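Have a look at start_34.cif; it's mmCIF, C-alpha atoms:
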```
data_model
#
loop_
_atom_site.label_atom_id
_atom_site.label_comp_id
_atom_site.auth_asym_id
_atom_site.auth_seq_id
_atom_site.Cartn_x
_atom_site.Cartn_y
_atom_site.Cartn_z
CA MET U 1 -17.99 11.98 -31.31
CA SER U 2 -20.73 11.01 -28.91
CA ILE U 3 -19.83 9.47 -25.58
CA MET U 4 -22.50 6.83 -26.17
CA GLU U 5 -20.54 5.68 -29.24
CA TYR U 6 -17.11 5.56 -27.63
CA ASN U 7 -17.17 1.83 -26.88
CA GLY U 8 -20.00 0.63 -29.11
CA GLY U 9 -22.19 -2.38 -28.45
CA ALA U 10 -25.83 -3.41 -28.45
CA VAL U 11 -28.41 -5.24 -26.37
CA LEU U 12 -31.72 -6.75 -27.47
CA ALA U 13 -34.59 -8.43 -25.62
CA MET U 14 -37.63 -10.23 -27.02
CA VAL U 15 -40.82 -11.78 -25.68
CA GLY U 16 -41.87 -15.32 -26.58
CA LYS U 17 -44.47 -17.80 -25.39
CA ASN U 18 -43.89 -18.14 -21.62
CA CYS U 19 -40.29 -17.15 -22.20
CA VAL U 20 -38.07 -14.13 -22.81
CA ALA U 21 -34.76 -13.77 -24.59
CA ILE U 22 -32.03 -11.22 -23.93
CA ALA U 23 -28.84 -10.91 -25.91
CA SER U 24 -25.84 -8.69 -26.48
CA ASP U 25 -22.74 -8.53 -28.64
CA LEU U 26 -19.35 -9.42 -27.20
CA ARG U 27 -17.15 -6.59 -28.40
CA PHE U 28 -15.21 -4.31 -26.09
CA GLY U 29 -13.36 -1.59 -27.92
CA VAL U 30 -12.19 1.99 -27.78
CA GLN U 31 -13.43 3.80 -30.87
CA ALA U 32 -11.99 1.87 -33.82
CA GLN U 33 -9.73 -0.44 -31.82
CA THR U 34 -11.21 -3.73 -30.59
CA LEU U 35 -9.68 -4.83 -27.30
CA SER U 36 -11.77 -7.84 -26.25
CA THR U 37 -14.15 -10.26 -27.91
CA ASN U 38 -15.52 -11.63 -24.66
CA PHE U 39 -17.30 -8.66 -23.08
CA SER U 40 -20.89 -9.68 -22.47
CA LYS U 41 -23.26 -6.84 -21.66
CA VAL U 42 -25.98 -9.04 -20.14
CA PHE U 43 -25.92 -9.76 -16.40
CA PRO U 44 -28.05 -12.15 -14.34
CA ILE U 45 -29.86 -10.54 -11.42
CA SER U 46 -31.88 -13.59 -10.45
CA SER U 47 -32.93 -16.78 -12.20
CA LYS U 48 -36.00 -14.89 -13.44
CA CYS U 49 -34.49 -11.49 -14.26
CA PHE U 50 -31.62 -10.42 -16.49
CA LEU U 51 -30.18 -6.95 -17.10
CA GLY U 52 -28.56 -5.77 -20.31
CA LEU U 53 -26.56 -2.53 -20.45
CA SER U 54 -25.24 -0.67 -23.49
CA GLY U 55 -23.24 2.53 -23.84
CA LEU U 56 -20.01 3.56 -22.11
CA ALA U 57 -18.27 0.39 -20.87
CA THR U 58 -17.02 1.87 -17.59
CA ASP U 59 -20.56 2.98 -16.76
CA ILE U 60 -21.91 -0.47 -17.69
CA LEU U 61 -19.58 -2.02 -15.10
CA THR U 62 -20.19 0.59 -12.39
CA LEU U 63 -23.96 0.60 -12.85
CA HIS U 64 -24.03 -3.18 -12.67
CA GLN U 65 -21.94 -3.16 -9.47
CA LYS U 66 -24.22 -0.53 -7.90
CA LEU U 67 -27.31 -2.54 -8.79
CA VAL U 68 -25.79 -5.73 -7.36
CA PHE U 69 -25.20 -3.77 -4.12
CA LYS U 70 -28.83 -2.65 -3.94
CA ASN U 71 -30.19 -6.02 -5.00
CA ASN U 72 -28.14 -7.90 -2.36
CA LEU U 73 -29.48 -5.66 0.41
CA TYR U 74 -33.04 -6.14 -0.86
CA LYS U 75 -32.63 -9.93 -0.81
CA LEU U 76 -31.18 -9.88 2.72
CA ARG U 77 -33.93 -7.65 4.13
CA GLU U 78 -36.91 -9.03 2.22
CA GLU U 79 -35.73 -12.65 2.21
CA ARG U 80 -36.97 -13.00 -1.38
CA GLU U 81 -35.88 -12.14 -4.91
CA MET U 82 -36.81 -8.85 -6.55
CA SER U 83 -39.38 -9.16 -9.31
CA PRO U 84 -38.35 -7.82 -12.75
CA ARG U 85 -40.85 -4.95 -12.59
CA VAL U 86 -39.57 -3.82 -9.20
CA PHE U 87 -35.97 -4.21 -10.35
CA ALA U 88 -36.70 -2.08 -13.42
CA ASN U 89 -38.06 0.64 -11.16
CA MET U 90 -34.93 0.48 -9.04
CA VAL U 91 -32.77 0.83 -12.16
CA ALA U 92 -34.79 3.85 -13.27
CA SER U 93 -34.44 5.51 -9.84
CA THR U 94 -30.71 4.77 -9.76
CA LEU U 95 -30.28 6.45 -13.14
CA TYR U 96 -32.42 9.47 -12.23
CA GLU U 97 -30.35 10.01 -9.06
CA LYS U 98 -27.67 11.21 -11.50
CA ARG U 99 -30.07 13.38 -13.51
CA PHE U 100 -27.57 16.23 -14.03
CA GLY U 101 -24.46 14.07 -14.44
CA PRO U 102 -25.78 10.75 -15.74
CA PHE U 103 -24.38 7.29 -16.31
CA PHE U 104 -23.90 6.94 -20.08
CA SER U 105 -25.68 3.65 -20.30
CA GLU U 106 -29.13 2.63 -21.48
CA PRO U 107 -30.47 -0.54 -19.86
CA VAL U 108 -32.68 -3.32 -21.12
CA ILE U 109 -34.38 -5.63 -18.62
CA ALA U 110 -35.96 -9.00 -19.37
CA GLY U 111 -37.62 -11.36 -16.94
CA LEU U 112 -40.50 -13.55 -15.94
CA GLU U 113 -42.91 -11.78 -13.61
CA GLY U 114 -44.82 -13.35 -10.73
CA PRO U 115 -45.86 -16.92 -9.97
CA GLU U 116 -47.31 -17.26 -13.48
CA ASN U 117 -43.96 -16.36 -15.03
CA LYS U 118 -45.46 -13.77 -17.32
CA PRO U 119 -42.83 -12.45 -19.76
CA TYR U 120 -41.74 -8.89 -18.97
CA ILE U 121 -39.36 -6.65 -20.89
CA THR U 122 -38.55 -2.98 -20.57
CA ALA U 123 -35.90 -0.53 -21.66
CA MET U 124 -35.01 2.99 -20.60
CA ASP U 125 -32.86 5.92 -21.60
CA LEU U 126 -29.81 7.07 -19.65
CA LEU U 127 -31.96 9.22 -17.35
CA GLY U 128 -34.28 6.37 -16.40
CA ALA U 129 -37.32 7.06 -18.58
CA PRO U 130 -38.80 3.60 -19.10
CA VAL U 131 -40.73 2.15 -21.99
CA ASP U 132 -42.68 -1.08 -21.59
CA ALA U 133 -43.16 -3.13 -24.73
CA HIS U 134 -44.92 -6.37 -25.41
CA ASP U 135 -42.66 -7.51 -28.26
CA PHE U 136 -39.05 -6.34 -28.24
CA VAL U 137 -36.76 -3.68 -26.76
CA MET U 138 -33.20 -2.74 -27.61
CA SER U 139 -30.44 -0.26 -26.92
CA GLY U 140 -26.97 0.44 -28.30
CA THR U 141 -25.24 1.86 -31.36
CA CYS U 142 -27.15 -0.10 -34.01
CA THR U 143 -30.73 0.33 -32.80
CA PRO U 144 -32.03 1.48 -36.22
CA ALA U 145 -30.77 -1.74 -37.79
CA MET U 146 -32.15 -3.84 -34.91
CA TYR U 147 -35.56 -2.15 -35.19
CA GLY U 148 -35.66 -2.99 -38.87
CA MET U 149 -34.77 -6.63 -38.31
CA CYS U 150 -37.15 -7.10 -35.36
CA GLU U 151 -40.12 -5.45 -37.09
CA THR U 152 -39.57 -7.84 -39.99
CA LEU U 153 -38.76 -11.12 -38.26
CA TYR U 154 -40.71 -10.90 -35.00
CA ARG U 155 -43.85 -12.91 -34.44
CA PRO U 156 -45.67 -13.21 -31.10
CA ASN U 157 -45.85 -16.46 -29.09
CA LEU U 158 -42.63 -18.01 -30.31
CA GLU U 159 -41.48 -21.14 -28.48
CA PRO U 160 -38.05 -20.92 -26.79
CA ASP U 161 -36.15 -22.56 -29.64
CA ASP U 162 -37.85 -20.43 -32.29
CA LEU U 163 -37.35 -17.32 -30.18
CA PHE U 164 -33.67 -18.16 -30.00
CA GLU U 165 -33.45 -18.46 -33.78
CA THR U 166 -35.37 -15.21 -34.32
CA ILE U 167 -33.40 -13.10 -31.86
CA SER U 168 -30.10 -14.53 -33.16
CA GLN U 169 -30.89 -13.66 -36.78
CA CYS U 170 -32.01 -10.14 -35.78
CA LEU U 171 -28.79 -9.60 -33.82
CA LEU U 172 -26.35 -10.95 -36.33
CA ALA U 173 -27.87 -9.06 -39.28
CA ALA U 174 -28.04 -5.78 -37.34
CA PHE U 175 -24.46 -6.09 -36.02
CA ASP U 176 -23.16 -6.40 -39.56
CA ARG U 177 -24.50 -2.90 -40.24
CA ASP U 178 -22.48 -1.37 -37.40
CA ALA U 179 -18.70 -1.19 -37.33
CA ILE U 180 -18.39 -0.97 -33.55
CA THR U 181 -20.80 -3.78 -32.61
CA GLY U 182 -20.35 -7.49 -33.07
CA TRP U 183 -17.40 -9.88 -32.69
CA GLY U 184 -19.82 -12.58 -31.53
CA ALA U 185 -22.95 -12.57 -29.38
CA VAL U 186 -24.39 -14.17 -26.25
CA VAL U 187 -28.07 -15.11 -26.04
CA HIS U 188 -29.94 -16.09 -22.85
CA ILE U 189 -33.40 -17.70 -23.03
CA LEU U 190 -35.33 -17.44 -19.75
CA THR U 191 -38.03 -20.03 -19.19
CA PRO U 192 -39.92 -21.02 -16.02
CA THR U 193 -37.74 -24.12 -15.76
CA GLY U 194 -34.39 -22.43 -16.22
CA VAL U 195 -32.04 -20.37 -18.33
CA ILE U 196 -30.35 -21.58 -21.53
CA SER U 197 -27.33 -19.54 -22.58
CA ARG U 198 -25.62 -19.82 -25.94
CA LYS U 199 -22.76 -18.04 -27.65
CA LEU U 200 -23.00 -17.10 -31.31
CA LYS U 201 -20.13 -16.71 -33.69
CA GLY U 202 -20.84 -14.18 -36.43
CA ARG U 203 -18.54 -12.20 -38.65
CA GLN U 204 -15.39 -11.55 -36.62
CA ASP U 205 -14.90 -8.05 -37.84
CA MET E 1 -20.78 1.80 45.64
CA ALA E 2 -20.74 2.21 41.89
CA ARG E 3 -23.67 4.61 41.75
CA ARG E 4 -21.67 7.75 41.14
CA TYR E 5 -19.76 6.39 38.15
CA ASP E 6 -22.22 4.28 36.23
CA SER E 7 -24.73 6.67 34.77
CA ARG E 8 -22.58 7.81 31.86
CA THR E 9 -20.62 5.69 29.43
CA THR E 10 -18.08 8.46 29.02
CA ILE E 11 -16.61 8.27 32.49
CA PHE E 12 -14.39 5.69 34.14
CA SER E 13 -14.93 4.52 37.68
CA PRO E 14 -12.03 4.97 40.13
CA GLU E 15 -11.13 1.30 39.62
CA GLY E 16 -10.92 1.93 35.87
CA ARG E 17 -14.20 0.23 34.91
CA LEU E 18 -16.90 1.34 32.48
CA TYR E 19 -20.03 0.35 34.35
CA GLN E 20 -22.47 0.98 31.49
CA VAL E 21 -20.55 -1.45 29.32
CA GLU E 22 -20.56 -4.03 32.10
CA TYR E 23 -24.29 -3.58 32.64
CA ALA E 24 -24.83 -4.09 28.91
CA MET E 25 -22.94 -7.39 29.13
CA ALA E 26 -25.07 -8.37 32.11
CA ALA E 27 -28.20 -7.79 30.00
CA ILE E 28 -26.93 -10.39 27.57
CA ASP E 29 -26.47 -13.01 30.27
CA HIS E 30 -30.26 -13.04 30.54
CA ALA E 31 -30.80 -13.58 26.84
CA GLY E 32 -31.43 -16.82 24.98
CA ALA E 33 -28.38 -19.07 24.76
CA CYS E 34 -26.28 -19.22 21.59
CA VAL E 35 -23.55 -21.71 20.73
CA GLY E 36 -20.98 -21.63 17.92
CA ILE E 37 -18.64 -24.45 16.92
CA LEU E 38 -15.90 -24.30 14.27
CA ALA E 39 -15.54 -27.51 12.25
CA LYS E 40 -12.95 -28.32 9.62
CA ASP E 41 -15.57 -28.25 6.84
CA GLY E 42 -17.93 -25.61 8.20
CA VAL E 43 -19.25 -23.64 11.17
CA VAL E 44 -22.26 -24.61 13.30
CA LEU E 45 -24.49 -22.02 15.00
CA ALA E 46 -27.27 -22.87 17.43
CA ALA E 47 -29.64 -20.58 19.33
CA GLU E 48 -32.48 -20.77 21.81
CA LYS E 49 -35.50 -18.71 20.81
CA LYS E 50 -37.05 -16.62 23.56
CA SER E 51 -40.28 -15.39 22.02
CA THR E 52 -42.46 -18.37 21.19
CA SER E 53 -45.99 -17.21 21.66
CA LYS E 54 -48.45 -19.02 19.43
CA LEU E 55 -49.99 -15.66 18.54
CA LEU E 56 -46.76 -14.23 17.19
CA GLU E 57 -46.62 -13.63 13.44
CA ASN E 58 -43.11 -13.86 12.05
CA THR E 59 -42.02 -11.04 9.78
CA VAL E 60 -38.56 -12.48 9.28
CA SER E 61 -37.68 -16.15 9.13
CA SER E 62 -35.51 -16.02 12.23
CA GLU E 63 -35.35 -14.17 15.53
CA LYS E 64 -31.77 -15.13 16.33
CA MET E 65 -30.03 -16.18 13.12
CA TYR E 66 -29.18 -13.60 10.44
CA LYS E 67 -27.41 -13.71 7.10
CA ILE E 68 -25.02 -10.82 6.65
CA ASP E 69 -23.80 -11.84 3.20
CA ASP E 70 -23.53 -15.01 1.13
CA HIS E 71 -20.42 -16.07 3.03
CA LEU E 72 -21.26 -14.67 6.48
CA ALA E 73 -23.95 -15.31 9.05
CA CYS E 74 -24.41 -14.47 12.70
CA VAL E 75 -26.44 -15.37 15.74
CA VAL E 76 -27.62 -12.76 18.25
CA ALA E 77 -27.87 -12.65 22.04
CA GLY E 78 -29.39 -9.65 23.76
CA ILE E 79 -31.74 -6.82 22.84
CA THR E 80 -33.24 -7.69 19.45
CA ALA E 81 -33.92 -4.06 18.55
CA ASP E 82 -30.24 -3.22 19.04
CA ALA E 83 -29.27 -6.28 17.04
CA ASN E 84 -31.36 -5.13 14.06
CA ILE E 85 -29.42 -1.87 13.84
CA ILE E 86 -26.10 -3.67 13.95
CA ILE E 87 -27.14 -6.35 11.44
CA ASN E 88 -28.22 -3.65 9.00
CA TYR E 89 -24.90 -1.87 9.47
CA ALA E 90 -23.00 -5.14 8.96
CA ARG E 91 -24.91 -5.84 5.74
CA LEU E 92 -24.20 -2.36 4.37
CA SER E 93 -20.55 -2.63 5.38
CA SER E 94 -20.27 -5.97 3.59
CA GLN E 95 -21.82 -4.60 0.38
CA ARG E 96 -19.65 -1.47 0.46
CA HIS E 97 -16.56 -3.66 0.58
CA LEU E 98 -17.90 -5.86 -2.24
CA TYR E 99 -18.64 -2.77 -4.33
CA GLN E 100 -15.20 -1.28 -3.80
CA TYR E 101 -13.03 -4.40 -4.07
CA GLN E 102 -15.30 -6.70 -6.12
CA GLU E 103 -14.61 -9.51 -3.68
CA PRO E 104 -16.38 -10.67 -0.51
CA ILE E 105 -15.33 -8.97 2.71
CA PRO E 106 -12.88 -11.03 4.80
CA VAL E 107 -14.65 -12.24 7.95
CA GLU E 108 -12.37 -10.54 10.46
CA GLN E 109 -12.64 -7.20 8.66
CA LEU E 110 -16.44 -7.28 8.92
CA VAL E 111 -16.29 -8.22 12.59
CA ALA E 112 -13.81 -5.38 13.19
CA GLN E 113 -16.10 -2.88 11.42
CA VAL E 114 -19.05 -3.85 13.62
CA CYS E 115 -16.87 -3.74 16.71
CA ASP E 116 -15.55 -0.28 15.83
CA LEU E 117 -19.17 0.87 15.68
CA LYS E 118 -19.89 -0.69 19.09
CA GLN E 119 -16.73 0.81 20.61
CA GLY E 120 -17.78 4.29 19.56
CA TYR E 121 -20.78 4.01 21.83
CA THR E 122 -18.51 3.32 24.82
CA GLN E 123 -16.31 6.34 24.38
CA TYR E 124 -18.22 9.28 22.92
CA GLY E 125 -21.67 10.54 22.07
CA GLY E 126 -23.17 10.02 25.50
CA LEU E 127 -25.41 7.26 24.13
CA ARG E 128 -25.77 3.89 25.84
CA PRO E 129 -23.90 0.90 24.38
CA PHE E 130 -25.64 -1.72 22.25
CA GLY E 131 -27.04 -4.50 24.42
CA THR E 132 -26.10 -7.33 22.07
CA SER E 133 -23.38 -9.89 21.58
CA PHE E 134 -22.87 -11.77 18.35
CA LEU E 135 -21.36 -15.02 17.18
CA TYR E 136 -20.22 -14.65 13.57
CA ALA E 137 -19.68 -17.63 11.24
CA GLY E 138 -17.96 -16.96 7.97
CA TRP E 139 -15.62 -18.13 5.24
CA ASP E 140 -13.01 -16.28 3.27
CA VAL E 141 -10.36 -17.42 0.84
CA GLN E 142 -7.46 -16.54 3.11
CA TYR E 143 -8.36 -18.20 6.42
CA GLY E 144 -11.18 -20.57 5.47
CA PHE E 145 -13.96 -21.08 8.02
CA GLN E 146 -13.89 -18.85 11.06
CA LEU E 147 -15.94 -18.21 14.21
CA TYR E 148 -15.87 -14.88 16.07
CA HIS E 149 -17.55 -13.46 19.15
CA SER E 150 -18.16 -9.74 19.80
CA ASP E 151 -19.59 -8.03 22.89
CA PRO E 152 -20.96 -4.55 23.78
CA SER E 153 -17.51 -3.23 24.62
CA GLY E 154 -16.49 -3.62 20.99
CA ASN E 155 -14.00 -6.33 21.81
CA TYR E 156 -13.89 -9.44 19.63
CA GLY E 157 -12.08 -12.74 19.55
CA GLY E 158 -11.74 -15.72 17.23
CA TRP E 159 -12.93 -19.01 18.70
CA LYS E 160 -12.93 -22.74 17.98
CA ALA E 161 -16.08 -23.11 20.06
CA THR E 162 -17.90 -20.70 22.34
CA ALA E 163 -21.25 -19.84 23.89
CA ILE E 164 -23.04 -16.61 24.85
CA GLY E 165 -26.30 -15.77 26.58
CA ALA E 166 -27.92 -17.60 29.46
CA ASN E 167 -25.82 -20.30 31.19
CA ASN E 168 -22.90 -19.65 28.88
CA GLN E 169 -20.37 -20.63 31.56
CA ALA E 170 -21.87 -24.12 31.80
CA ALA E 171 -21.97 -24.38 28.01
CA GLN E 172 -18.36 -23.22 27.68
CA SER E 173 -17.10 -25.76 30.23
CA ILE E 174 -18.76 -28.61 28.31
CA LEU E 175 -17.22 -27.30 25.10
CA ARG E 176 -13.82 -27.14 26.73
CA THR E 177 -13.91 -30.84 27.55
CA ASP E 178 -15.82 -32.18 24.55
CA TYR E 179 -14.50 -30.10 21.64
CA LYS E 180 -11.97 -31.92 19.47
CA ALA E 181 -9.95 -30.20 16.80
CA GLU E 182 -10.64 -31.52 13.25
CA ILE E 183 -14.27 -32.12 14.20
CA ASN E 184 -16.59 -32.22 11.18
CA VAL E 185 -19.93 -30.42 10.78
CA GLU E 186 -21.98 -33.55 11.47
CA ASP E 187 -20.29 -34.11 14.85
CA ALA E 188 -20.32 -30.39 15.60
CA LEU E 189 -24.11 -30.39 15.18
CA LYS E 190 -24.38 -33.24 17.66
CA LEU E 191 -22.10 -31.46 20.12
CA ALA E 192 -24.09 -28.22 19.71
CA ALA E 193 -27.31 -30.10 20.44
CA LYS E 194 -25.82 -31.55 23.60
CA VAL E 195 -24.40 -28.22 24.77
CA ILE E 196 -27.41 -26.04 24.07
CA SER E 197 -29.82 -28.48 25.62
CA LYS E 198 -27.83 -28.32 28.85
CA SER E 199 -27.88 -24.52 28.91
CA MET E 200 -31.56 -24.03 28.12
CA ASP E 201 -33.99 -22.77 30.70
CA SER E 202 -37.03 -24.66 29.53
CA VAL E 203 -37.46 -28.40 29.64
CA THR E 204 -38.95 -28.74 26.16
CA LEU E 205 -36.24 -29.83 23.74
CA THR E 206 -38.01 -29.46 20.43
CA SER E 207 -37.38 -27.51 17.27
CA GLU E 208 -40.01 -24.98 18.35
CA LYS E 209 -37.63 -23.32 20.79
CA LEU E 210 -34.38 -23.78 18.89
CA GLU E 211 -32.70 -22.72 15.67
CA PHE E 212 -29.74 -24.60 14.23
CA ALA E 213 -27.76 -23.65 11.14
CA TYR E 214 -24.39 -24.38 9.62
CA LEU E 215 -22.20 -22.64 7.08
CA HIS E 216 -20.48 -24.95 4.64
CA ARG E 217 -19.06 -25.23 1.14
CA THR E 218 -21.01 -27.10 -1.51
CA GLU E 219 -19.29 -29.28 -4.11
CA LYS E 220 -19.49 -26.41 -6.57
CA GLY E 221 -17.48 -24.28 -4.15
CA THR E 222 -20.23 -21.86 -3.13
CA ILE E 223 -20.72 -21.04 0.54
CA VAL E 224 -24.20 -21.81 1.84
CA LEU E 225 -25.95 -21.22 5.16
CA LYS E 226 -28.15 -24.25 5.75
CA VAL E 227 -30.85 -23.83 8.40
CA LEU E 228 -32.07 -27.15 9.78
CA ASP E 229 -35.76 -27.82 9.23
CA SER E 230 -37.88 -28.83 12.21
CA ALA E 231 -37.94 -32.56 11.38
CA THR E 232 -34.15 -32.85 11.10
CA LEU E 233 -33.66 -30.72 14.19
CA ASP E 234 -36.12 -32.75 16.27
CA GLN E 235 -34.25 -35.91 15.28
CA LEU E 236 -30.88 -34.36 16.12
CA LEU E 237 -32.14 -33.28 19.54
CA LYS E 238 -33.69 -36.65 20.24
CA ASP E 239 -30.41 -38.40 19.52
CA ASN E 240 -28.00 -36.01 21.21
CA ALA E 241 -29.65 -33.69 23.70
CA GLU E 242 -29.23 -34.16 27.42
CA PRO E 243 -31.78 -32.47 29.71
CA ALA E 244 -30.39 -29.60 31.79
CA ASN E 245 -31.91 -30.72 35.07
CA ASP E 246 -30.68 -34.24 35.73
CA THR E 247 -31.61 -35.38 39.18
CA MET E 248 -28.89 -38.03 39.28
#
```
Would you mind writing the file out in structure tokens?
Amino acid sequence: MSIMEYNGGAVLAMVGKNCVAIASDLRFGVQAQTLSTNFSKVFPISSKCFLGLSGLATDILTLHQKLVFKNNLYKLREEREMSPRVFANMVASTLYEKRFGPFFSEPVIAGLEGPENKPYITAMDLLGAPVDAHDFVMSGTCTPAMYGMCETLYRPNLEPDDLFETISQCLLAAFDRDAITGWGAVVHILTPTGVISRKLKGRQD
Amino acid sequence: MARRYDSRTTIFSPEGRLYQVEYAMAAIDHAGACVGILAKDGVVLAAEKKSTSKLLENTVSSEKMYKIDDHLACVVAGITADANIIINYARLSSQRHLYQYQEPIPVEQLVAQVCDLKQGYTQYGGLRPFGTSFLYAGWDVQYGFQLYHSDPSGNYGGWKATAIGANNQAAQSILRTDYKAEINVEDALKLAAKVISKSMDSVTLTSEKLEFAYLHRTEKGTIVLKVLDSATLDQLLKDNAEPANDTM
């Protein structure tokens, strides 16, 4: 048994036309036993930056709390919000601090960068090695299935509503190929004018 | 008289006084005036800015008013460099509490943490005390809106209305007569304008030399620190300020 598969779960982010989407499943479980169907793994950092975390649930919560700590101090000192790129760097540094005893969580960050609100997504491994992509990033226990779905369904420059449909179909289909991911999903679409959040109901098994 | 017992913080004088601490408090009586008023729906903070050279570039939005957390703000009187250290400590302290308990730090606990830091510098280490006093405005779920004052000795008290800095005795006596319990933020702002105008050194009563802010709860229930913009502040001063030097 791998510690990264103890709780299960998945996160996915996608780039659209002047928008980004980030989504996760809602399951919280311990190996085969499902304990909650309301555990979102996506957290808002600012109106223009969202963080998704997969892996060990306790580390998801602790990492998020640590990042809120650091983000709050940044906002107080700088008197401005952190940009997604800078936040991603901070996440990577935070993970690398624990290089020889890491947090068992692999983050996905999605946001709109700068005054032009350029879509930005990135993901990294549990040690903080980042990968920037222009189309989609994901992490969790069903990444092979998600890769398959995204490579097939993704097209660049999707409008927010189409992006929502695309990411939802990728999620739901991939979750059904993983026993420990699913029980519903939450999808956030970030646009320059605001965030639209929706819950999806898929197969409840 | 006091010369033999005032050069070190770690010794008492024969009368039982800590001269370094008292000298620190004297430093603050020369600083820009600050006023705090507790209202039933918020807390008002007002401050007189000292450095207003036209050539000065501002790195932070305020010289006197600082946010410590979403539900806590403070206003500073005294040595700005000392204040920066304490504000940073207060912010860290607030986040540490939030991290550990996943809820905002109660106002008095934060004030006590800062004061414990200040007290340390009056008893050990051989370092001089901080030359700053603070007025803290905050809200927590247990006691609602609160106003506190702390000084270089590390002592603190909760107040309904108080003033620190230059001419604070005059300001406090006006507050004593004019403060009414159950005052609301709108009237507290007017009272603060009246009080601070009377304790200011300069004659100019414009938003250039003053900063006004109030902590209040929005309809959604979030706590917000609203800093008055110059137009609103100028209007408030025009309607409520009374010049310090009346020749009547």
Open item on the list: Show me, as a ChimeraX atom specification, the residues of chain E whose atoms get within 7 Å of chain U, using only C-alpha atoms for the distance check.
Closed with: /E:67,95,99
Open item on the list: Taking the file as I've supplied it (selection: the PyMOL selection byres ((chain U and resi 56) around 8)), which residues are included? Please answer as a PyMOL selection string.
Closed with: chain U and resi 3-8+54-55+57-60+104-105
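For E:Ala241, the list of residues within 7 Å, based on only C-alpha atoms and with local chain neighbours fewer than 2 positions off taken out, reads Ala193, Lys194, Ser197, Leu237, Lys238, Asp239 and Pro243 of chain E.
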Which residues match the PyMOL selection byres ((chain U and resi 96-103) around 8) in the file above, as a compact mmCIF listing (two decimals) with C-alpha atoms, in the frame of the given file?
```txt
# COMPACT_ATOMS: atom_id res chain seq x y z
CA ASP U 59 -20.56 2.98 -16.76
CA LEU U 63 -23.96 0.60 -12.85
CA ALA U 92 -34.79 3.85 -13.27
CA SER U 93 -34.44 5.51 -9.84
CA THR U 94 -30.71 4.77 -9.76
CA LEU U 95 -30.28 6.45 -13.14
CA PHE U 104 -23.90 6.94 -20.08
CA SER U 105 -25.68 3.65 -20.30
CA LEU U 126 -29.81 7.07 -19.65
CA LEU U 127 -31.96 9.22 -17.35
CA GLY U 128 -34.28 6.37 -16.40
```
Open item on the list: Once the PyMOL selection byres ((chain U and resi 43-48) around 8) is applied to the coordinates I shared, what remains selected? I want it as a list in words.
Closed with: Ser40, Lys41, Val42, Cys49, Phe50, Leu51, Gly52, His64, Val68, Asn71, Glu81, Met82, Ser83, Pro84, Gly111, Leu112, Glu113, Leu190, Thr191, Pro192, Gly194 and Val195 of chain U
Task: Residue neighbourhood stretch 148-150 of chain U, 8 Å, only C-alpha atoms, exclusion window fewer than 4 positions, as a VMD selection string - done: chain U and resid 136 144 154 167 170 173 to 174
Output C-alpha atoms of each residue in that selection to a file, as a CSV table (one decimal), keeping the file's coordinate frame.
```csv
chain,number,residue,atom,x,y,z
U,136,PHE,CA,-39.0,-6.3,-28.2
U,144,PRO,CA,-32.0,1.5,-36.2
U,154,TYR,CA,-40.7,-10.9,-35.0
U,167,ILE,CA,-33.4,-13.1,-31.9
U,170,CYS,CA,-32.0,-10.1,-35.8
U,173,ALA,CA,-27.9,-9.1,-39.3
U,174,ALA,CA,-28.0,-5.8,-37.3
```
TODO: Could you check which of U:Arg203, U:His134, U:Arg198, U:Arg177 is closest to U:Glu165, using all atoms listed in the file?
DONE: U:Arg198
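With all atoms listed in the file as the atoms that count, the minimum distance from U:Arg85 to the choices U:Ala129, U:Ile121, U:Met138, U:Leu163 is reached by U:Ile121.
Among the candidates U:Thr141, U:Asn18, U:Thr152, U:Thr34, the one nearest to U:Ile189 when counting all atoms listed in the file is U:Asn18.
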Open item on the list: List as a ChimeraX atom specification the protein and nucleic acid residues near E:Tyr19, meaning an atom at most 12 Å away when all atoms listed in the file are counted, but skip any in the same chain fewer than 2 places from it.
Closed with: /E:1-17,21-26,122,128-129,152-153
- [ ] Do a neighbour search on E:Ile183 at 12 Å with all atoms listed in the file, toss out local chain neighbours closer than 4 positions, and write the hits as a PyMOL selection string.
- [x] chain E and resi 37-44+160-161+178-179+187-192
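Going from atom CA of U:Asn157 to atom CA of U:Ile196 covers 18.0 Å.
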Open item on the list: If we count all atoms listed in the file and set the cut-off at 6 Å, which residues sit around E:Ala73, ignoring sequence neighbours fewer than 2 positions away in its own chain? Please answer as a list in words.
Closed with: Tyr66, Lys67, Ile68, Tyr136 and Ala137 of chain E
- [ ] Tell me which of U:Leu53, U:Ala179, U:Cys19, U:Leu153 sits closest to U:Asp125, counting all atoms listed in the file.
- [x] U:Leu53
